[in-house]
Every structure is written in structure tokens, then in C-alpha cells.
file query30.pdb (PDB, C-alpha atoms)
ATOM      1  CA  MET A1188      23.094 -21.356  -6.440
ATOM      2  CA  ALA A1189      25.545 -20.821  -3.636
ATOM      3  CA  ARG A1190      28.140 -23.452  -2.943
ATOM      4  CA  THR A1191      29.075 -24.644   0.505
ATOM      5  CA  ASP A1192      32.686 -25.109   1.578
ATOM      6  CA  LYS A1193      32.306 -28.895   1.207
ATOM      7  CA  THR A1194      32.906 -31.180  -1.766
ATOM      8  CA  ALA A1195      31.728 -34.594  -2.922
ATOM      9  CA  ARG A1196      34.020 -36.737  -5.061
ATOM     10  CA  GLY A1197      33.893 -40.150  -6.668
ATOM     11  CA  ILE A1198      36.317 -43.045  -6.932
ATOM     12  CA  ILE A1199      35.679 -45.155  -9.994
ATOM     13  CA  ILE A1200      37.847 -48.234 -10.442
ATOM     14  CA  LYS A1201      37.354 -50.612 -13.357
ATOM     15  CA  ASP A1202      39.660 -53.201 -14.909
ATOM     16  CA  ASN A1203      42.560 -52.145 -12.640
ATOM     17  CA  LYS A1204      42.202 -48.509 -13.727
ATOM     18  CA  ILE A1205      40.987 -45.420 -11.884
ATOM     19  CA  LEU A1206      39.105 -42.551 -13.508
ATOM     20  CA  LEU A1207      40.743 -39.190 -12.757
ATOM     21  CA  ILE A1208      40.322 -35.672 -14.051
ATOM     22  CA  HIS A1209      43.576 -34.468 -15.612
ATOM     23  CA  ARG A1210      43.864 -30.719 -14.932
ATOM     24  CA  LEU A1211      45.936 -27.808 -16.043
ATOM     25  CA  LYS A1212      45.306 -24.681 -13.991
ATOM     26  CA  LYS A1213      47.529 -21.658 -13.402
ATOM     27  CA  GLY A1214      50.451 -23.492 -14.999
ATOM     28  CA  GLU A1215      50.141 -26.511 -12.678
ATOM     29  CA  GLU A1216      49.336 -29.924 -14.088
ATOM     30  CA  TYR A1217      47.749 -32.432 -11.705
ATOM     31  CA  PHE A1218      44.920 -34.919 -11.238
ATOM     32  CA  VAL A1219      41.764 -34.808  -9.115
ATOM     33  CA  LEU A1220      39.070 -37.260  -8.229
ATOM     34  CA  PRO A1221      35.992 -36.312 -10.241
ATOM     35  CA  GLY A1222      33.508 -34.255  -8.249
ATOM     36  CA  GLY A1223      33.126 -30.770  -6.887
ATOM     37  CA  GLY A1224      31.393 -28.295  -4.645
ATOM     38  CA  ILE A1225      28.211 -29.119  -2.786
ATOM     39  CA  GLU A1226      25.529 -26.527  -3.450
ATOM     40  CA  ASP A1227      23.558 -25.266  -0.454
ATOM     41  CA  ASP A1228      20.416 -27.197  -1.418
ATOM     42  CA  GLU A1229      22.173 -30.524  -2.183
ATOM     43  CA  THR A1230      23.163 -33.598  -0.240
ATOM     44  CA  PRO A1231      26.651 -35.001  -0.873
ATOM     45  CA  GLU A1232      25.049 -37.942  -2.695
ATOM     46  CA  VAL A1233      23.170 -35.651  -5.090
ATOM     47  CA  THR A1234      26.302 -33.580  -5.664
ATOM     48  CA  VAL A1235      28.535 -36.530  -6.501
ATOM     49  CA  LYS A1236      26.006 -37.837  -9.039
ATOM     50  CA  ARG A1237      25.649 -34.389 -10.654
ATOM     51  CA  GLU A1238      29.379 -33.685 -10.727
ATOM     52  CA  ILE A1239      30.297 -37.134 -12.042
ATOM     53  CA  TYR A1240      27.850 -36.646 -14.911
ATOM     54  CA  GLU A1241      29.173 -33.136 -15.672
ATOM     55  CA  GLU A1242      32.809 -34.297 -15.658
ATOM     56  CA  THR A1243      32.405 -37.675 -17.391
ATOM     57  CA  GLY A1244      29.072 -37.649 -19.234
ATOM     58  CA  LEU A1245      28.295 -40.947 -17.472
ATOM     59  CA  LYS A1246      25.601 -41.692 -14.904
ATOM     60  CA  VAL A1247      26.253 -43.198 -11.488
ATOM     61  CA  ILE A1248      24.654 -46.642 -11.200
ATOM     62  CA  SER A1249      25.390 -47.113  -7.516
ATOM     63  CA  LEU A1250      27.163 -45.650  -4.521
ATOM     64  CA  ILE A1251      29.151 -48.559  -3.121
ATOM     65  CA  SER A1252      30.731 -47.144   0.020
ATOM     66  CA  ASP A1253      31.843 -43.800   1.369
ATOM     67  CA  PHE A1254      34.132 -41.991   3.760
ATOM     68  CA  LYS A1255      34.788 -38.406   4.763
ATOM     69  CA  ILE A1256      38.117 -36.611   4.834
ATOM     70  CA  VAL A1257      39.314 -33.202   5.876
ATOM     71  CA  ASP A1258      41.787 -32.014   3.266
ATOM     72  CA  VAL A1259      44.956 -30.024   3.950
ATOM     73  CA  ASP A1260      43.066 -26.750   3.492
ATOM     74  CA  GLY A1261      40.480 -27.778   6.113
ATOM     75  CA  GLN A1262      37.779 -28.524   3.539
ATOM     76  CA  ASP A1263      35.380 -31.410   4.235
ATOM     77  CA  SER A1264      35.158 -33.850   1.340
ATOM     78  CA  PHE A1265      32.672 -36.687   1.063
ATOM     79  CA  ILE A1266      34.266 -39.454  -0.995
ATOM     80  CA  TYR A1267      32.275 -42.272  -2.622
ATOM     81  CA  TYR A1268      33.312 -45.464  -4.319
ATOM     82  CA  LEU A1269      31.008 -45.559  -7.351
ATOM     83  CA  LYS A1270      29.903 -47.777 -10.167
ATOM     84  CA  LEU A1271      29.206 -45.939 -13.445
ATOM     85  CA  GLU A1272      27.317 -46.913 -16.551
ATOM     86  CA  ASP A1273      29.517 -48.136 -19.385
ATOM     87  CA  GLY A1274      30.771 -45.568 -21.852
ATOM     88  CA  ILE A1275      33.635 -43.305 -22.772
ATOM     89  CA  PRO A1276      34.107 -40.441 -20.296
ATOM     90  CA  GLU A1277      33.925 -36.911 -21.685
ATOM     91  CA  LEU A1278      33.179 -33.483 -20.253
ATOM     92  CA  VAL A1279      29.600 -32.324 -20.689
ATOM     93  CA  GLY A1280      29.160 -29.675 -17.989
ATOM     94  CA  GLU A1281      30.369 -26.150 -17.400
ATOM     95  CA  GLU A1282      33.992 -27.348 -17.301
ATOM     96  CA  LYS A1283      33.711 -28.139 -21.016
ATOM     97  CA  GLU A1284      32.376 -24.657 -21.715
ATOM     98  CA  TYR A1285      35.148 -22.937 -19.737
ATOM     99  CA  SER A1286      38.092 -25.074 -20.858
ATOM    100  CA  HIS A1287      40.794 -23.378 -22.900
ATOM    101  CA  PRO A1288      44.501 -24.083 -23.592
ATOM    102  CA  ASP A1289      45.648 -22.595 -20.250
ATOM    103  CA  ASP A1290      42.906 -24.094 -18.045
ATOM    104  CA  TRP A1291      41.474 -27.484 -18.981
ATOM    105  CA  TYR A1292      39.863 -30.654 -17.652
ATOM    106  CA  ASN A1293      40.162 -34.095 -19.208
ATOM    107  CA  PRO A1294      38.678 -37.295 -17.743
ATOM    108  CA  GLU A1295      41.172 -40.139 -18.219
ATOM    109  CA  TRP A1296      41.619 -43.740 -17.070
ATOM    110  CA  PHE A1297      44.948 -44.461 -15.324
ATOM    111  CA  ASP A1298      46.541 -47.698 -14.194
ATOM    112  CA  ILE A1299      45.768 -48.050 -10.517
ATOM    113  CA  ASP A1300      49.315 -49.379  -9.972
ATOM    114  CA  ILE A1301      50.807 -45.909 -10.563
ATOM    115  CA  LEU A1302      48.404 -44.070  -8.252
ATOM    116  CA  ASN A1303      51.088 -43.766  -5.563
ATOM    117  CA  GLN A1304      53.363 -42.015  -8.093
ATOM    118  CA  THR A1305      50.703 -39.588  -9.356
ATOM    119  CA  ASN A1306      49.947 -36.073  -8.125
ATOM    120  CA  VAL A1307      46.286 -36.661  -7.140
ATOM    121  CA  TYR A1308      44.131 -34.334  -5.056
ATOM    122  CA  PRO A1309      42.750 -34.490  -2.467
ATOM    123  CA  VAL A1310      45.926 -36.070  -1.046
ATOM    124  CA  ALA A1311      44.116 -37.602   1.942
ATOM    125  CA  ALA A1312      41.721 -39.404  -0.416
ATOM    126  CA  ARG A1313      44.615 -40.775  -2.479
ATOM    127  CA  GLN A1314      46.200 -42.118   0.711
ATOM    128  CA  ARG A1315      42.909 -43.756   1.717
ATOM    129  CA  ILE A1316      42.492 -45.356  -1.728
ATOM    130  CA  LEU A1317      46.020 -46.780  -1.532
ATOM    131  CA  GLU A1318      45.257 -48.183   1.921
ATOM    132  CA  ASP A1319      41.969 -49.673   0.679
ATOM    133  CA  LEU A1320      43.761 -51.239  -2.301
ATOM    134  CA  LYS A1321      46.288 -52.767   0.059
ATOM    135  CA  HIS A1322      43.428 -54.372   1.993
ATOM    136  CA  LYS A1323      41.337 -55.170  -1.143
ATOM    137  CA  LYS A1324      38.429 -52.914  -0.087
ATOM    138  CA  THR A1325      37.736 -51.239  -3.432
ATOM    139  CA  SER A1326      35.627 -53.776  -5.303
ATOM    140  CA  PRO A1327      31.908 -53.376  -5.841
ATOM    141  CA  LYS A1328      29.941 -55.663  -3.547
TER
END
call {"tool": "encode", "arguments": {"input": "query30.pdb", "output": "C-alpha cells"}}
result
Amino acid sequence: MARTDKTARGIIIKDNKILLIHRLKKGEEYFVLPGGGIEDDETPEVTVKREIYEETGLKVISLISDFKIVDVDGQDSFIYYLKLEDGIPELVGEEKEYSHPDDWYNPEWFDIDILNQTNVYPVAARQRILEDLKHKKTSPK
């Protein structure tokens, strides 16, 4: 299926930790919010549930709140605060199949307190999360 130029990504915070995808690609090591490209027949909500499952092996229990950003490259991203089922995150989708020593994905929990010191993409989403944390807007309702 064809992908649009939009993405849907999830923010999962639990026990003062945030779930990020640790990436190595083209020699650059960085972190991304789990998620990915919206296919032409999908809504952002369907995409974020599919992508979260592919990148963590866990199912989304609920979409808590959302916002939209335009990233530095002009790409629209739909960002959702999510609640996931309990479990240990692991790749189960095509990223697992394509991973190799020079290009890999690894879902990992990180202390939320170091988010401002971490190279997380999309940058605009990281800034929004930090602002929400400052105003205590990240808890499930």
C-alpha cells in the first residue's frame, strides 16, 4: 500500500519512563517516538495502533489525548498519548525483519527526567512533551 507524507506516533509514559525506539541508521544513533507512516487507506488512529504493535509487540488499550505537529521537514505528524497493555516491548513487524548491525530498531524505556537531554525525533513532539510534563498534562485520565 502507498504511504502518505504524514505520520502517526505514540507517547507512552509509565512509572516515570517513556517508551522510545532507539535507532541506528546511516551511522547516526538517535531516538524516535514509536509510530510511522500513514498508509493511504488508514486514519491516523489506525496507523498509530498498527505501528505501535509492530514496534513494541504490545496493543494500544486507549488513546488518551492527541495533538498535531509540523516537523522541521514540513511533515504532518499526529501524536497520541497512549495507554498500552502490560508486557515487555519487542519488535514484531517489518523493522525486526530488516534490522541488521548497521540499521536497527530497539524499543526501550527511558527515564522521563532525561528526555530534555536526549536526541528524540520529531523535535517538535519532544518539546511538546516537555511542556506537557511541566504542566502535568501527561497522565491517563
call {"tool": "closest_atom_pairs", "arguments": {"input": "query30.pdb", "of": "stretch 1256-1327 of chain A", "to": "stretch 1232-1247 of chain A", "cutoff": "10 Å", "atoms": "all atoms listed in the file", "output": "CSV"}}
result
residue,atom,partner,partner_atom,distance
A:Phe1265,CA,A:Glu1232,CA,8.6
A:Ile1266,CA,A:Val1235,CA,8.5
A:Tyr1267,CA,A:Val1235,CA,7.9
A:Leu1269,CA,A:Val1247,CA,6.7
A:Lys1270,CA,A:Val1247,CA,6.0
A:Leu1271,CA,A:Val1247,CA,4.5
A:Glu1272,CA,A:Lys1246,CA,5.7
A:Asp1273,CA,A:Leu1245,CA,7.5
A:Gly1274,CA,A:Leu1245,CA,6.8
A:Ile1275,CA,A:Thr1243,CA,7.9
A:Pro1276,CA,A:Thr1243,CA,4.4
A:Glu1277,CA,A:Thr1243,CA,4.6
A:Leu1278,CA,A:Glu1242,CA,4.7
A:Val1279,CA,A:Glu1241,CA,5.1
A:Gly1280,CA,A:Glu1241,CA,4.2
A:Glu1281,CA,A:Glu1241,CA,7.3
A:Glu1282,CA,A:Glu1242,CA,7.2
A:Lys1283,CA,A:Glu1242,CA,8.2
A:Tyr1292,CA,A:Glu1242,CA,8.2
A:Asn1293,CA,A:Glu1242,CA,8.2
A:Pro1294,CA,A:Thr1243,CA,6.3
A:Glu1295,CA,A:Thr1243,CA,9.1
call {"tool": "resolve_selection", "arguments": {"input": "query30.pdb", "expression": "the PyMOL selection byres ((chain A and resi 1191) around 8)", "output": "mmCIF file with C-alpha atoms, in the coordinates of the input"}}
result
data_model
loop_
_atom_site.group_PDB
_atom_site.id
_atom_site.type_symbol
_atom_site.label_atom_id
_atom_site.label_comp_id
_atom_site.auth_asym_id
_atom_site.auth_seq_id
_atom_site.Cartn_x
_atom_site.Cartn_y
_atom_site.Cartn_z
ATOM 1 C CA ALA A 1189 25.545 -20.821 -3.636
ATOM 2 C CA ARG A 1190 28.140 -23.452 -2.943
ATOM 3 C CA ASP A 1192 32.686 -25.109 1.578
ATOM 4 C CA LYS A 1193 32.306 -28.895 1.207
ATOM 5 C CA THR A 1194 32.906 -31.180 -1.766
ATOM 6 C CA GLY A 1224 31.393 -28.295 -4.645
ATOM 7 C CA ILE A 1225 28.211 -29.119 -2.786
ATOM 8 C CA GLU A 1226 25.529 -26.527 -3.450
ATOM 9 C CA ASP A 1227 23.558 -25.266 -0.454
#
call {"tool": "closest_residue", "arguments": {"input": "query30.pdb", "among": "A:Glu1284, A:Phe1218, A:His1209, A:Ile1198", "to": "A:Leu1317", "atoms": "all atoms listed in the file"}}
result
A:Ile1198
call {"tool": "atom_distance", "arguments": {"input": "query30.pdb", "atom1": "atom CA of A:Glu1318", "atom2": "atom CA of A:Pro1231"}}
result
23.0 Å
call {"tool": "atom_distance", "arguments": {"input": "query30.pdb", "atom1": "atom CA of A:Leu1207", "atom2": "atom CA of A:Tyr1308"}}
result
9.7 Å
call {"tool": "closest_residue", "arguments": {"input": "query30.pdb", "among": "A:Phe1297, A:Arg1196, A:Asn1203, A:Pro1309", "to": "A:Val1259", "atoms": "only C-alpha atoms"}}
result
A:Pro1309
call {"tool": "resolve_selection", "arguments": {"input": "query30.pdb", "expression": "the PyMOL selection byres ((chain A and resi 1316) around 12)", "output": "PyMOL selection string"}}
result
chain A and resi 1197-1200+1205+1220+1253-1254+1256+1266-1268+1299-1300+1302-1303+1307-1315+1317-1326
call {"tool": "resolve_selection", "arguments": {"input": "query30.pdb", "expression": "the PyMOL selection byres ((chain A and resi 1290) around 10)", "output": "JSON, numbers by chain"}}
result
{"A": [1210, 1211, 1212, 1213, 1214, 1215, 1216, 1282, 1285, 1286, 1287, 1288, 1289, 1291, 1292]}
call {"tool": "write_last_selection", "arguments": {"input": "query30.pdb", "atoms": "C-alpha atoms", "output": "mmCIF file, in the frame of the given file"}}
result
data_model
loop_
_atom_site.group_PDB
_atom_site.id
_atom_site.type_symbol
_atom_site.label_atom_id
_atom_site.label_comp_id
_atom_site.auth_asym_id
_atom_site.auth_seq_id
_atom_site.Cartn_x
_atom_site.Cartn_y
_atom_site.Cartn_z
ATOM 1 C CA ARG A 1210 43.864 -30.719 -14.932
ATOM 2 C CA LEU A 1211 45.936 -27.808 -16.043
ATOM 3 C CA LYS A 1212 45.306 -24.681 -13.991
ATOM 4 C CA LYS A 1213 47.529 -21.658 -13.402
ATOM 5 C CA GLY A 1214 50.451 -23.492 -14.999
ATOM 6 C CA GLU A 1215 50.141 -26.511 -12.678
ATOM 7 C CA GLU A 1216 49.336 -29.924 -14.088
ATOM 8 C CA GLU A 1282 33.992 -27.348 -17.301
ATOM 9 C CA TYR A 1285 35.148 -22.937 -19.737
ATOM 10 C CA SER A 1286 38.092 -25.074 -20.858
ATOM 11 C CA HIS A 1287 40.794 -23.378 -22.900
ATOM 12 C CA PRO A 1288 44.501 -24.083 -23.592
ATOM 13 C CA ASP A 1289 45.648 -22.595 -20.250
ATOM 14 C CA TRP A 1291 41.474 -27.484 -18.981
ATOM 15 C CA TYR A 1292 39.863 -30.654 -17.652
#
call {"tool": "atom_distance", "arguments": {"input": "query30.pdb", "atom1": "atom CA of A:Asp1202", "atom2": "atom CA of A:Asp1298"}}
result
8.8 Å
call {"tool": "decode", "arguments": {"input": "query30.pdb", "residues": "stretch 1238-1294 of chain A", "atoms": "C-alpha atoms", "output": "CSV table (one decimal), in the first residue's frame"}}
result
chain,number,residue,atom,x,y,z
A,1238,GLU,CA,2.7,0.9,14.2
A,1239,ILE,CA,2.8,0.7,18.0
A,1240,TYR,CA,2.1,-3.1,17.7
A,1241,GLU,CA,4.8,-3.6,15.0
A,1242,GLU,CA,7.4,-1.7,17.0
A,1243,THR,CA,6.6,-2.9,20.5
A,1244,GLY,CA,4.5,-6.1,20.2
A,1245,LEU,CA,2.0,-4.5,22.5
A,1246,LYS,CA,-1.6,-3.5,21.8
A,1247,VAL,CA,-2.9,0.0,22.4
A,1248,ILE,CA,-5.6,0.0,25.2
A,1249,SER,CA,-6.7,3.6,24.8
A,1250,LEU,CA,-5.9,6.8,23.0
A,1251,ILE,CA,-5.8,9.4,25.8
A,1252,SER,CA,-5.2,12.7,24.0
A,1253,ASP,CA,-3.7,13.9,20.8
A,1254,PHE,CA,-2.1,16.9,19.0
A,1255,LYS,CA,-0.7,17.6,15.6
A,1256,ILE,CA,2.7,19.0,14.8
A,1257,VAL,CA,4.5,20.0,11.6
A,1258,ASP,CA,8.1,18.7,11.9
A,1259,VAL,CA,11.2,20.6,10.6
A,1260,ASP,CA,10.9,18.9,7.2
A,1261,GLY,CA,7.3,20.0,6.8
A,1262,GLN,CA,5.8,16.6,7.5
A,1263,ASP,CA,2.5,16.5,9.4
A,1264,SER,CA,2.6,14.2,12.4
A,1265,PHE,CA,-0.4,13.1,14.5
A,1266,ILE,CA,0.9,12.5,18.1
A,1267,TYR,CA,-1.1,10.5,20.6
A,1268,TYR,CA,-0.7,9.9,24.3
A,1269,LEU,CA,-1.4,6.2,24.7
A,1270,LYS,CA,-2.0,3.5,27.2
A,1271,LEU,CA,-0.6,0.1,26.3
A,1272,GLU,CA,-1.3,-3.4,27.6
A,1273,ASP,CA,1.3,-4.6,30.0
A,1274,GLY,CA,4.3,-6.5,28.7
A,1275,ILE,CA,7.8,-6.3,27.5
A,1276,PRO,CA,8.2,-4.3,24.3
A,1277,GLU,CA,9.9,-6.0,21.4
A,1278,LEU,CA,9.9,-5.6,17.6
A,1279,VAL,CA,7.4,-7.8,15.8
A,1280,GLY,CA,6.9,-6.1,12.5
A,1281,GLU,CA,8.9,-5.4,9.3
A,1282,GLU,CA,11.5,-3.5,11.3
A,1283,LYS,CA,12.5,-6.7,13.0
A,1284,GLU,CA,12.9,-8.4,9.6
A,1285,TYR,CA,15.0,-5.6,8.2
A,1286,SER,CA,17.2,-4.9,11.2
A,1287,HIS,CA,20.9,-5.6,10.9
A,1288,PRO,CA,24.1,-4.4,12.7
A,1289,ASP,CA,24.2,-1.1,10.7
A,1290,ASP,CA,20.5,-0.3,10.7
A,1291,TRP,CA,18.5,-1.4,13.8
A,1292,TYR,CA,15.4,-0.5,16.0
A,1293,ASN,CA,15.1,-1.3,19.6
A,1294,PRO,CA,12.2,-0.3,21.8
